[in-house]
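Just below is one structure, and these are the notes that go with it.
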Amino acid sequence: MNVSELRAKYLAFFESKGHQRFPASSLVPYDVTGRLDESLLFNGSGMNQFKPFFRGVAQPPHPRLMTCQKCLRTGDIEEVGDDSHLTLFEMLGNFSFGDYFKKEAVAFSWEFLTSPLWLARDTTRLSFTVFEEDDEAYGYWSEHLGAAGVAPESRVFRLDEDTNYWPAGSFTKGPPGPCGPNSEMFYWVPDDVPPPSVEPGEYTREDWLRDEAAGRWLEVWNDVFISSDWQGKLRDPARPEKGYEKTGMPDLPFQSIDTGMGLERTACVLGGFRSVYDTDAFQPVFRAMEALPFAGALAYGKDSSVDHAMRVIADHLRAACFCVGDGILPSNNGRGYVLRRLLRRAVLQGARRIGFGETFLYRLVGSVTETMGAYYPELVEKRPVIEETLKNEEALFRRTLAQGTTILSDKLRAWRDGTRAPSTPLDGPTAFMLYDTYGFPLEVTQELCAEIGVAVDVEGYRDAMAEAQERSRGASAMENPYDNVQVATIEHGGGRVATTMFLGYASTEAEGQIIGVRPVLDENGHARPAFVLALDQTVFYAESGGQVADTGVIVGPAVSLRVLDVTKQDGIYVHLVEAEGAPWEGLADDEALALLEQMYVGERVTGRVDPTRAETVRHHTATHLVHAALREVLGPHVTQAGSLVSPESLRFDFTHGKAMTDDELLRVEGIVNEVVWQAAPVRVYSDVPIDEARAMGAMALFGEKYGDRVRVVQVGDMAPDEPSFSRELCGGVHVRNTGQIGVVKILHESSVASGVRRITAVAGARALAWAREQESAVVTAADLLKANPKDLTSAVERALADLKEEKKKRGRMVVQSGGQNATHTDVAGIDLVTEHLAEVEAQDAKLVVDKLAAAGRVVVVFNTADGKVGITASVGAVALAQGAHAGNLLREVAKVVGGGGGGKPEFATAGGKDPAKVADAMAGVAGVLAGMLK
Ligand code: SER
């Protein structure tokens, strides 16, 4: 059975059990409410997006769901390329939210695995583990096995929280969130007969552990019985890697089920393959590698070391395609760094193991998008940007690879020529320098060292990294005063809560009721003057999709608050507000909460958004126009990589490998303004099923998480099936008609990261303000030159020409008069000439030095202009023979004027920042010179 068949079969089985299909979430771990799960870097299992459903703070569309979830786990990256390890894999899952529980979950798993209608597995080739205290799960598996004539004692085993609690070890270690005991299902993979299982105790727990460790039992599926909410806090918020401290583990409001079946692994064992790489998920990628124009006789299955390299490339390539498809771009931190590591490891395998001399990864993207695209349409949609990103990143790495390899190979000479023992590892700071300066992920350095049998001091590398991070932390601390406060959430009593109704699309003022408050604490646990509150309905937009949060006021008979910021948490709009006078300031959490509740909860209030919202809205629609125009001018690889839409301006980041030309910028600006002047209506479709939105051609934003129903913003009044200039998935607020934007002016285009460009622009009133600023600068400049503004250019040209002429004249005068005020000092028979030329440029001072130079002389001329000091020295042949050295002389002298410099024995220049010290410096020259002469 192949991967596609298993996927289809699983979904069909659970559909027959009343489950509804739910879309896979992004690899960036956004949950179903759109909140980023800070406890994870990547989505590595099907349940992550559902945490709000498990916790009862959001309502699932159906109590039984099923998914096929793309997952990324890099913990076993070293094992990738063996028979069973992958970084990117698919996980099939069935979920219950307060519906069925353990008994039914076990029964479904058993039926799917063993029924002749489904996977029809031999019951003696299955074994199970349960959490050591879970008698119930033990009992359910025993019943099914017993009915099939298999002794449960030989097939069900009790293990501890490290394997049988989800997340692993979470009973004691966390992370915070829904958790529970789990039960894993294993399949006997060897061809021979499985161990005996008819008589109780024929096959013991020790036997099982041994066989499992040897890979004979392969885990294929995991049922998690979600029942508790692990609570705790970071031991050190600045160091999340130090883990959590447990504060409690209350029961969730209801019990739930989360299961995960590894798709490729299961397809592999069920299909009778030796390796996951033999499945149809990978074979097309190998064929594409073999078909590369420079692949020569490359063929999968001929040489195990080449096969291994091809497997690593295929795995990392798949992972990279999915990452970029989900809006992750290569960078030097977080998710972007993991992606960069994957890509660089893949390039290294191709370049060094296989010998691909040209960029190859981007040429293989089609084999992934064609294999997986039917299930993951984002791969097809993002194919141009995936290809562009992989191409740029590989080209960049190939350049640094050449440089870094030379450096590393120099360092490794000591091992190659035997001066260093093979057992000595490469030191950590060097490995870190290669990472920091040459972009070598640690694994790449390890890989290159391993080629000559040298290890890397990984601990030393980590220390060097930690030190560097410490330094950068120091530099960026205190950027945001709210960074250090604990996240202030609004709690509602147990059970499911209503979410805030957002009224801000239609108006900027509305009534509502304060339904919850929460103090914001400082690092000592005392309430700050600002606090957060929630309303049952609000007009304030919460920051998302690049559009900044609204500001404004919330007022009522006994309420007068200024809204500083708004965020969305589990569907509740949380307003950060401040009041005149704050009697709760400095109180402990509980006391502050009690006072705030008494003062505010239940109050009927009016929310009023600041008028600057109108500017934000113009900028937001203008952003959509810029996006569409960029794709028209540059091509479909242009994808939004971020944006910031505020009252002041719009900023739009997009994927594109090189700087835009002036002509391209003019064309983009022209297209955008044409659409503005057409006064096209902006049409919004709310609550569209995501598949329909895609069919409409709506552009999804890079890396943005969408639910199963979305909002589509379209420019123009056309029907959904007619082409439109711009159609985007977007939750933001927009103008009703593009004419309201007035005009859009692009201000800059620049680079933000490798392969990502940024456009900054202004619209409407801000564009007018910008034009006025420019105008005023022109008028002022023209006034200064006593010219008419329209003749400014020629007036400036004339002024510059005059200035040049004046400078020349002055230079001639300086040289003529140079030496007239010079001081002559006899230093051991050498004529030392020093002079200070005020308001003279360095090039003229140099001419004076040339004029004064003579064989028996040392000339030192100081010039000062614009608050800076220049020093020029020449040493004649006789003085030279006696030991005078211009460079050394100036190195000392320049220190006095707060500068430095140096140069050759016969001629040198230096600079300094302290004109007030020129006299001191001049006075010191003779002493320094005397010290040099023989
Ligand atoms: N969350 C569990 C796992 O990933 C089951 O889906 O193994």
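Letters A, B, ... go to the chains of the structure tokens in the order shown; residues in each chain start at 1; ligands are counted from 1 in the same order.
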Pick out the residues no farther than 10 Å from ligand 1, counting only C-alpha atoms and all ligand atoms, and list them as a PyMOL selection string. chain A and resi 43-48+69+71+91-95+163-168+179-180+182-184+219-226+257-262
Can you tell me, as a PyMOL selection string, which residues in region 186-395 of chain A count as strand (DSSP E or B) by DSSP? chain A and resi 186-188+217-234+244-248+251-262
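We find CA of Ala468 (chain A) and CA of Asn333 (chain A) to be spaced 12.9 Å apart.
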Could you tell me, as a ChimeraX atom specification, which residues of region 795-904 of chain A DSSP assigns to helix (DSSP H, G or I) when given the backbone? /A:795-817,842-852,877-881,886-896
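Proximity to Met699 (chain A) at 8 Å, evaluated using only C-alpha atoms and with sequence-adjacent residues fewer than 2 positions away removed, yields Arg694, Gly697, Leu701, Arg727, Glu728 and Leu729 of chain A.
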Would you mind exporting N, CA, C and O atoms of the selected residues as a compact mmCIF listing (two decimals), in the first residue's frame?
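Output saved as again.txt:
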```txt
# COMPACT_ATOMS: atom_id res chain seq x y z
N ARG A 694 -9.56 30.00 -2.37
CA ARG A 694 -8.43 29.65 -3.23
C ARG A 694 -8.87 29.56 -4.68
O ARG A 694 -8.17 30.00 -5.60
N GLY A 697 -8.84 32.52 -6.52
CA GLY A 697 -7.51 33.05 -6.80
C GLY A 697 -7.06 34.04 -5.75
O GLY A 697 -6.16 34.85 -5.99
N LEU A 701 -1.46 35.39 2.39
CA LEU A 701 -0.23 36.06 2.78
C LEU A 701 0.76 35.02 3.27
O LEU A 701 0.39 34.02 3.87
N ARG A 727 -7.01 40.25 -5.21
CA ARG A 727 -7.93 39.51 -4.36
C ARG A 727 -7.08 38.84 -3.30
O ARG A 727 -6.20 38.06 -3.63
N GLU A 728 -7.27 39.20 -2.05
CA GLU A 728 -6.42 38.65 -0.98
C GLU A 728 -7.27 38.16 0.17
O GLU A 728 -8.31 38.73 0.48
N LEU A 729 -6.76 37.11 0.84
CA LEU A 729 -7.34 36.72 2.12
C LEU A 729 -6.88 37.78 3.11
O LEU A 729 -5.68 38.02 3.24
```
Residues near Ala579 (chain A), anyone? I mean within 12 Å using only C-alpha atoms, not counting same-chain ones fewer than 6 positions away, as a PyMOL selection string. chain A and resi 528-532+553-555+558-564+585+596+599-600
Residues of the last selection are to be written out with N, CA, C and O atoms, as a compact mmCIF listing (two decimals), in the first residue's frame.
```
# COMPACT_ATOMS: atom_id res chain seq x y z
N ARG A 528 1.04 47.65 37.30
CA ARG A 528 1.43 48.88 36.62
C ARG A 528 0.21 49.79 36.51
O ARG A 528 -0.92 49.33 36.68
N PRO A 529 0.44 51.07 36.14
CA PRO A 529 -0.72 51.95 35.96
C PRO A 529 -1.63 51.48 34.81
O PRO A 529 -2.84 51.62 34.88
N ALA A 530 -1.03 50.89 33.77
CA ALA A 530 -1.85 50.39 32.66
C ALA A 530 -2.42 49.03 33.03
O ALA A 530 -1.82 48.30 33.81
N PHE A 531 -3.58 48.70 32.50
CA PHE A 531 -4.14 47.36 32.71
C PHE A 531 -4.84 46.91 31.43
O PHE A 531 -4.89 47.67 30.46
N VAL A 532 -5.34 45.68 31.40
CA VAL A 532 -6.02 45.22 30.20
C VAL A 532 -7.49 44.94 30.51
O VAL A 532 -7.83 44.55 31.62
N VAL A 553 -10.34 55.97 22.68
CA VAL A 553 -10.78 56.11 24.08
C VAL A 553 -11.95 55.19 24.35
O VAL A 553 -12.69 54.81 23.45
N ILE A 554 -12.06 54.81 25.63
CA ILE A 554 -13.24 54.08 26.10
C ILE A 554 -13.80 54.94 27.23
O ILE A 554 -13.10 55.20 28.22
N VAL A 555 -15.03 55.40 27.05
CA VAL A 555 -15.60 56.32 28.05
C VAL A 555 -16.98 55.87 28.49
O VAL A 555 -17.69 55.17 27.76
N ALA A 558 -18.65 56.54 34.49
CA ALA A 558 -17.60 56.52 35.52
C ALA A 558 -16.29 56.00 34.95
O ALA A 558 -15.42 55.52 35.68
N VAL A 559 -16.16 56.08 33.64
CA VAL A 559 -14.99 55.48 32.99
C VAL A 559 -14.37 56.47 32.01
O VAL A 559 -15.09 57.10 31.24
N SER A 560 -13.04 56.62 32.07
CA SER A 560 -12.37 57.43 31.07
C SER A 560 -10.99 56.83 30.85
O SER A 560 -10.08 56.98 31.66
N LEU A 561 -10.88 56.09 29.76
CA LEU A 561 -9.66 55.32 29.52
C LEU A 561 -9.10 55.63 28.14
O LEU A 561 -9.85 55.89 27.19
N ARG A 562 -7.78 55.58 28.04
CA ARG A 562 -7.13 55.77 26.75
C ARG A 562 -6.66 54.38 26.28
O ARG A 562 -6.00 53.66 27.04
N VAL A 563 -7.00 53.99 25.08
CA VAL A 563 -6.61 52.67 24.55
C VAL A 563 -5.26 52.79 23.87
O VAL A 563 -5.10 53.56 22.92
N LEU A 564 -4.27 52.03 24.39
CA LEU A 564 -2.91 52.12 23.86
C LEU A 564 -2.62 51.04 22.83
O LEU A 564 -1.85 51.21 21.91
N GLU A 585 -2.12 51.00 41.17
CA GLU A 585 -0.70 50.94 40.86
C GLU A 585 0.10 50.49 42.08
O GLU A 585 -0.10 51.00 43.18
N LEU A 596 -9.78 46.63 40.32
CA LEU A 596 -10.13 46.88 38.91
C LEU A 596 -11.52 46.33 38.60
O LEU A 596 -12.31 46.95 37.90
N MET A 599 -14.14 48.54 40.02
CA MET A 599 -14.27 49.83 39.33
C MET A 599 -14.84 49.71 37.92
O MET A 599 -15.52 50.61 37.45
N TYR A 600 -14.52 48.59 37.23
CA TYR A 600 -14.80 48.58 35.79
C TYR A 600 -15.73 47.49 35.29
O TYR A 600 -16.46 47.71 34.32
```
